[in-house]
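Heads up: the structure comes next, in structure tokens.
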Amino acid sequence: MRASKSMRIWFAFVGMILWTGIYLTGFSTVSWVLYVPASGFILGAITGLCPSLTAVSKVFFKHN
């Protein structure tokens, strides 16, 4: 499932906020778990493919 242009902009915005928070906290201080959604948001913004968006769509919305 491809994300729309507005969704991709949202992914980039949230990803940048997460990466800014990681930078300000310190890369060695932050838990590795926080890198997963930060990287996922940037990946979703670049490619338009977001695994969590696809999973939620398949579970909660039926496509005919």
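If you're wondering about the labels, chains in the structure tokens are A, B, ... by order shown, residues count from 1 in each chain, ligands from 1 in order shown.
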Using backbone DSSP assignments, extract all alpha helix (DSSP H) residues from chain A; output them as a compact mmCIF listing (two decimals) with C-alpha atoms, in the first residue's frame.
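Heads up, here's the output in result.txt:
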```txt
# COMPACT_ATOMS: atom_id res chain seq x y z
CA LYS A 5 1.64 12.69 -0.59
CA SER A 6 0.19 14.30 2.54
CA MET A 7 0.87 11.12 4.53
CA ARG A 8 4.47 11.08 3.28
CA ILE A 9 4.95 14.68 4.41
CA TRP A 10 3.53 13.73 7.81
CA PHE A 11 5.96 10.78 8.05
CA ALA A 12 8.90 13.08 7.22
CA PHE A 13 7.79 15.67 9.79
CA VAL A 14 7.38 13.16 12.60
CA GLY A 15 10.62 11.40 11.65
CA MET A 16 12.53 14.69 11.77
CA ILE A 17 11.08 15.49 15.18
CA LEU A 18 12.12 12.07 16.50
CA TRP A 19 15.64 12.37 15.06
CA THR A 20 15.96 15.90 16.51
CA GLY A 21 14.97 14.55 19.91
CA ILE A 22 17.50 11.72 19.61
CA TYR A 23 20.21 14.23 18.64
CA LEU A 24 19.41 16.60 21.50
CA THR A 25 19.30 13.77 24.04
CA TYR A 35 15.61 4.28 16.48
CA VAL A 36 13.03 1.85 15.05
CA PRO A 37 10.07 4.25 14.64
CA ALA A 38 12.38 7.16 13.73
CA SER A 39 13.91 5.15 10.89
CA GLY A 40 10.51 3.74 9.89
CA PHE A 41 8.99 7.19 9.52
CA ILE A 42 11.86 8.41 7.33
CA LEU A 43 11.72 5.22 5.26
CA GLY A 44 7.98 5.69 4.80
CA ALA A 45 8.48 9.31 3.74
CA ILE A 46 11.12 8.41 1.15
CA THR A 47 9.59 5.28 -0.36
CA PRO A 51 4.86 -1.41 7.06
CA SER A 52 2.73 -0.27 10.00
CA LEU A 53 0.26 1.53 7.71
CA THR A 54 -0.06 -1.61 5.59
CA ALA A 55 -0.54 -3.86 8.63
CA VAL A 56 -3.18 -1.64 10.22
CA SER A 57 -5.04 -1.29 6.90
CA LYS A 58 -5.14 -5.06 6.41
CA VAL A 59 -6.32 -5.75 9.96
CA PHE A 60 -8.97 -3.04 10.34
```
